[in-house]
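Each remark here refers to the structure printed beneath this line.
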Amino acid sequence: MNRRVKLTDSLVGRLKPGAREFTVRDTLVPNLGVRVHPSGGSSYVQFGNGTKVSLGPTMHVTVEEARFRCLALLTDGHSRKDPVPLFRDFAANEWKESWIHRSKPATIDWRERCLKRQLLPAFGAHRLDRVTPAMVHRWFDNYSRTAPGGANHCLKILRQVFNHAISCDHITSNPARNVRPNRRRKLTRFLSSEELGRLHCALDRHDRETSHRRPHRQQIDIIRLLLLTGCRKSEIVRLRKNEVSGDCLHLVDSKTGPRTVYLNAEARAIIDRRMSGNSAFVFPSPRDPERPLGGELALWYTIRKEAGIEDVRLHDLRHTYASHAVMQGTPLPVVSRLLGHAQPTMTMRYAHMGDRETEAAAERIGTVIARMLDIG
C-alpha cells in the first residue's frame with residue numbers, strides 16, 4: 001500500500017503498523033516516503049532510479065531533516081544514501097527499533113549482552129557491506145571453542161541483524177547465512193536418586209560453612225528452588241515478592257507469559273524465610289536491593305564438582321524435576337502445565353521416562369492374566 005500526504009512529525013508518529021509493510025509518500029518532496037514495518041518500526045526512505053535508500057529511523061529523524069537529506073542526495077546526483085552504515089550504528093538504531101518495543105526485558109538484556117560482548121567487538125567498526133562470510137566464519141569458530149551454545153545464540157542474532165539490513169536495502173545478501181550452528185546434545189540430562197543425594201549433601205555442607213555469607217546462601221536457596229519447582233533460572237532469580245501468594249507463585253512475565261507455579265512444602269519454606277526485608281525481590285542484589293541477584297550463580301560450579309556431577313547444567317535441574325514427575329506416574333499434560341511449556345510437544349522429550357513403569361505394569365498384568373488362564 002502506498003499513498004501520498006503532506007508528512008508532519010505528528011502524522012508520522014501516529015502511523016500504525018499493518019499486517020504487511022506499507023509506505024506513505026510526501027507531497028512536498030515526492031521522492032521521500034515513510035516505510036512502516038509490520039513489527040512497528042518505521043524509517044524514512046528516498047525513492048529514485050529504481051532504488052530505495054534508507055534515510056534513518058523516524059524516532060531519530062524529523063520530517064524536515066528527512067526532506068533535507070532526500071533533497072541533498074537528489075542534488076548531488078546520488079542514487080543511494082551516504083556510505084552504508086557501520087554495523088554498530090545500524091544495530092543500535094534501525095535494527096533495534098524494529099524489535100525492542102515488542103520484546104520482553106530478558107530478551108532485550110540478552111541481545112544487548114550478545115552485541116556488547118561478541119558482535120560489536122567483531123563487526124562493529126565495519127560497514128555492513130564490508131562484513132564477509134569469511135569474517136563471520138572466523139568469529140564463529142573462535143567463539144565456538146569456548147562456548148558452543150553461546151556461539152549458536154549469537155549467530156542467530158547476527159543473522160537477524162543482516163536480514164534486517166537486507167530489508168532496509170543496505171546489503172543484498174546475508175554473510176552469516178551459510179554458517180552452520182554447532183551441534184548440541186539432544187539427550188536430556190537428569191539426576192538419578194543417588195546423584196540427588198550427593199547434591200543434597202554438598203548443598204547442606206556449603207549451607208553450614210557459609211552461613212555468614214549472604215550471597216552464597218542465596219545461591220544455595222535458588223539451586224534448591226530450581227530443583228523443587230522445575231522453574232527456569234530467570235523465574236526464580238527475578239522473583240518478586242508480590243508474585244508470591246500462599247502456596248503459589250503467580251509469575252507475571254515468564255518465558256511463555258504469565259503462569260502459576262504450585263509450591264510444595266519444602267519450596268514454600270525456602271521462600272518464606274526470604275520474604276523479609278524492604279526489597280521488592282525475593283533474592284535481591286547485596287549491592288543494590290532495588291535489583292535482583294545477578295544471574296551468574298558461580299557457586300553452582302563448586303557444588304556440582306563436589307557432588308561429582310560436573311556435566312550437569314543448572315537447567316538440567318528443571319529436566320530432573322520433569323523426569324522424576326513422569327517416573328512417578330504424572331501424566332505428560334500435567335507435567336507440561338507444571339513446567340509452563342507453551343507447546344505440549346516440548347514435554348514429549350520426557351515420554352520415555354515412563355518406560356520402566358510401563359514395562360513393570362505390563363509384567364504385572366501379564367502375570368495376572370497368566371494365572372487366570374491357568375485357572376481356566
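Note on naming: chains are A, B, ... as they come in the C-alpha cells, residues start from 1 per chain, ligands start from 1 in the order shown.
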Counting only C-alpha atoms, what is within 12 Å of segment 336-350 of chain A, bar same-chain residues fewer than 5 positions away, as a tab-separated table (two decimals) with N, CA and C atoms, in the first residue's frame?
```tsv
chain	number	residue	atom	x	y	z
A	186	LYS	N	21.32	-33.82	22.27
A	186	LYS	CA	19.88	-33.91	22.22
A	186	LYS	C	19.30	-34.65	23.43
A	187	LEU	N	20.15	-35.42	24.11
A	187	LEU	CA	19.67	-36.16	25.27
A	187	LEU	C	19.42	-35.23	26.44
A	188	THR	N	18.37	-35.50	27.17
A	188	THR	CA	18.04	-34.70	28.34
A	188	THR	C	18.74	-35.28	29.56
A	189	ARG	N	19.61	-34.53	30.18
A	189	ARG	CA	20.35	-34.98	31.36
A	189	ARG	C	19.51	-34.74	32.59
A	190	PHE	N	19.36	-35.76	33.43
A	190	PHE	CA	18.67	-35.57	34.70
A	190	PHE	C	19.41	-36.35	35.77
A	226	LEU	N	15.12	-24.35	42.21
A	226	LEU	CA	15.10	-24.82	40.83
A	226	LEU	C	14.77	-26.30	40.78
A	227	LEU	N	15.31	-27.04	41.72
A	227	LEU	CA	15.08	-28.49	41.77
A	227	LEU	C	13.68	-28.83	42.29
A	228	LEU	N	13.19	-28.04	43.22
A	228	LEU	CA	11.90	-28.33	43.86
A	228	LEU	C	10.70	-27.85	43.06
A	229	THR	N	10.92	-26.89	42.15
A	229	THR	CA	9.79	-26.31	41.39
A	229	THR	C	9.85	-26.59	39.90
A	230	GLY	N	11.04	-26.91	39.37
A	230	GLY	CA	11.17	-27.07	37.93
A	230	GLY	C	11.13	-25.75	37.19
A	231	CYS	N	11.29	-24.65	37.90
A	231	CYS	CA	11.27	-23.33	37.26
A	231	CYS	C	12.54	-23.08	36.46
A	232	ARG	N	12.46	-22.14	35.54
A	232	ARG	CA	13.64	-21.65	34.85
A	232	ARG	C	14.43	-20.76	35.80
A	235	GLU	N	13.18	-17.23	36.30
A	235	GLU	CA	11.92	-17.11	37.02
A	235	GLU	C	12.14	-17.07	38.53
A	248	CYS	N	1.45	-20.64	46.04
A	248	CYS	CA	1.64	-20.46	44.59
A	248	CYS	C	2.55	-19.28	44.28
A	249	LEU	N	3.17	-19.37	43.14
A	249	LEU	CA	3.86	-18.23	42.55
A	249	LEU	C	3.06	-17.82	41.32
A	250	HIS	N	2.65	-16.57	41.27
A	250	HIS	CA	1.93	-16.07	40.10
A	250	HIS	C	2.92	-15.23	39.28
A	251	LEU	N	3.64	-15.91	38.41
A	251	LEU	CA	4.68	-15.25	37.63
A	251	LEU	C	4.04	-14.35	36.57
A	253	ASP	N	5.68	-12.51	34.21
A	253	ASP	CA	6.34	-12.44	32.90
A	253	ASP	C	7.36	-13.57	32.75
A	254	SER	N	6.89	-14.80	32.67
A	254	SER	CA	7.79	-15.92	32.43
A	254	SER	C	8.11	-15.98	30.94
A	255	LYS	N	8.92	-16.95	30.54
A	255	LYS	CA	9.32	-17.06	29.13
A	255	LYS	C	8.11	-17.24	28.22
A	256	THR	N	7.09	-17.94	28.70
A	256	THR	CA	5.91	-18.19	27.89
A	256	THR	C	4.71	-17.35	28.33
A	257	GLY	N	4.98	-16.27	29.06
A	257	GLY	CA	3.91	-15.40	29.52
A	257	GLY	C	3.53	-15.69	30.96
A	258	PRO	N	2.48	-15.05	31.47
A	258	PRO	CA	2.06	-15.27	32.86
A	258	PRO	C	1.74	-16.74	33.12
A	259	ARG	N	2.16	-17.25	34.28
A	259	ARG	CA	1.82	-18.62	34.64
A	259	ARG	C	1.86	-18.79	36.14
A	260	THR	N	1.24	-19.86	36.62
A	260	THR	CA	1.18	-20.16	38.05
A	260	THR	C	2.07	-21.36	38.35
A	261	VAL	N	2.89	-21.23	39.40
A	261	VAL	CA	3.75	-22.32	39.86
A	261	VAL	C	3.26	-22.75	41.23
A	262	TYR	N	2.97	-24.03	41.39
A	262	TYR	CA	2.48	-24.55	42.66
A	262	TYR	C	3.66	-25.01	43.51
A	263	LEU	N	3.68	-24.58	44.77
A	263	LEU	CA	4.81	-24.85	45.65
A	263	LEU	C	4.52	-26.02	46.58
A	317	LEU	N	18.45	-29.19	36.22
A	317	LEU	CA	17.62	-29.38	37.42
A	317	LEU	C	16.14	-29.33	37.04
A	318	ARG	N	15.83	-28.50	36.07
A	318	ARG	CA	14.45	-28.46	35.55
A	318	ARG	C	14.11	-29.78	34.87
A	319	HIS	N	15.07	-30.33	34.09
A	319	HIS	CA	14.84	-31.63	33.47
A	319	HIS	C	14.67	-32.71	34.53
A	320	THR	N	15.43	-32.61	35.62
A	320	THR	CA	15.33	-33.58	36.70
A	320	THR	C	13.93	-33.58	37.32
A	321	TYR	N	13.42	-32.38	37.58
A	321	TYR	CA	12.07	-32.22	38.14
A	321	TYR	C	11.04	-32.90	37.23
A	322	ALA	N	11.13	-32.62	35.92
A	322	ALA	CA	10.16	-33.18	34.98
A	322	ALA	C	10.31	-34.69	34.85
A	323	SER	N	11.56	-35.16	34.78
A	323	SER	CA	11.80	-36.60	34.60
A	323	SER	C	11.27	-37.41	35.77
A	324	HIS	N	11.53	-36.94	36.99
A	324	HIS	CA	11.05	-37.68	38.16
A	324	HIS	C	9.53	-37.58	38.29
A	325	ALA	N	8.94	-36.48	37.81
A	325	ALA	CA	7.48	-36.39	37.82
A	325	ALA	C	6.88	-37.47	36.92
A	326	VAL	N	7.46	-37.65	35.74
A	326	VAL	CA	6.97	-38.67	34.80
A	326	VAL	C	7.18	-40.05	35.38
A	327	MET	N	8.34	-40.29	35.99
A	327	MET	CA	8.62	-41.61	36.56
A	327	MET	C	7.71	-41.95	37.73
A	329	GLY	N	4.62	-41.32	37.59
A	329	GLY	CA	3.31	-41.58	37.00
A	329	GLY	C	2.50	-40.34	36.67
A	330	THR	N	3.10	-39.15	36.76
A	330	THR	CA	2.38	-37.92	36.43
A	330	THR	C	2.13	-37.86	34.92
A	331	PRO	N	0.90	-37.67	34.47
A	331	PRO	CA	0.62	-37.62	33.03
A	331	PRO	C	1.37	-36.47	32.36
A	355	ASP	N	8.91	-45.39	30.60
A	355	ASP	CA	9.01	-46.72	30.02
A	355	ASP	C	9.18	-47.81	31.08
```
Practice prompt. Would you please give, as a list of chain:residue names, all residues of segment 227-284 of chain A that DSSP assigns to strand (DSSP E) based on the backbone?
Written response: A:Val244, A:Ser245, A:Cys248, A:Leu249, A:His250, A:Leu251, A:Val252, A:Asp253, A:Ser254, A:Gly257, A:Pro258, A:Arg259, A:Thr260, A:Val261, A:Tyr262
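Note that atom CA of Gly41 of chain A and atom CA of Ser103 of chain A are 12.8 Å apart.
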Item to complete: Give the answer as one residue: which of A:Asp89, A:Asp247, A:Glu296, A:Asp9 has the shortest atom-to-atom distance to Gly124 of chain A, using only C-alpha atoms?
Response: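 Answer, going by the shortest atom-to-atom distance: A:Asp89.
Take atom CA of Val53 of chain A and atom CA of Ala72 of chain A: the distance between them is 12.7 Å.
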Discussion item. For a test of reading the model, state the distance in Å between atom CA of Leu55 of chain A and atom CA of Ala165 of chain A, rounded to one decimal.
Written reply: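 So the two atoms, atom CA of Leu55 of chain A and atom CA of Ala165 of chain A, lie 13.0 Å apart.
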Discussion item. I'd like the neighbourhood of Asn93 of chain A as a count of residues only, where a residue qualifies if any of its atoms comes within 9 Å (using only C-alpha atoms), though same-chain residues fewer than 5 positions away should be ignored.
Written reply: 5
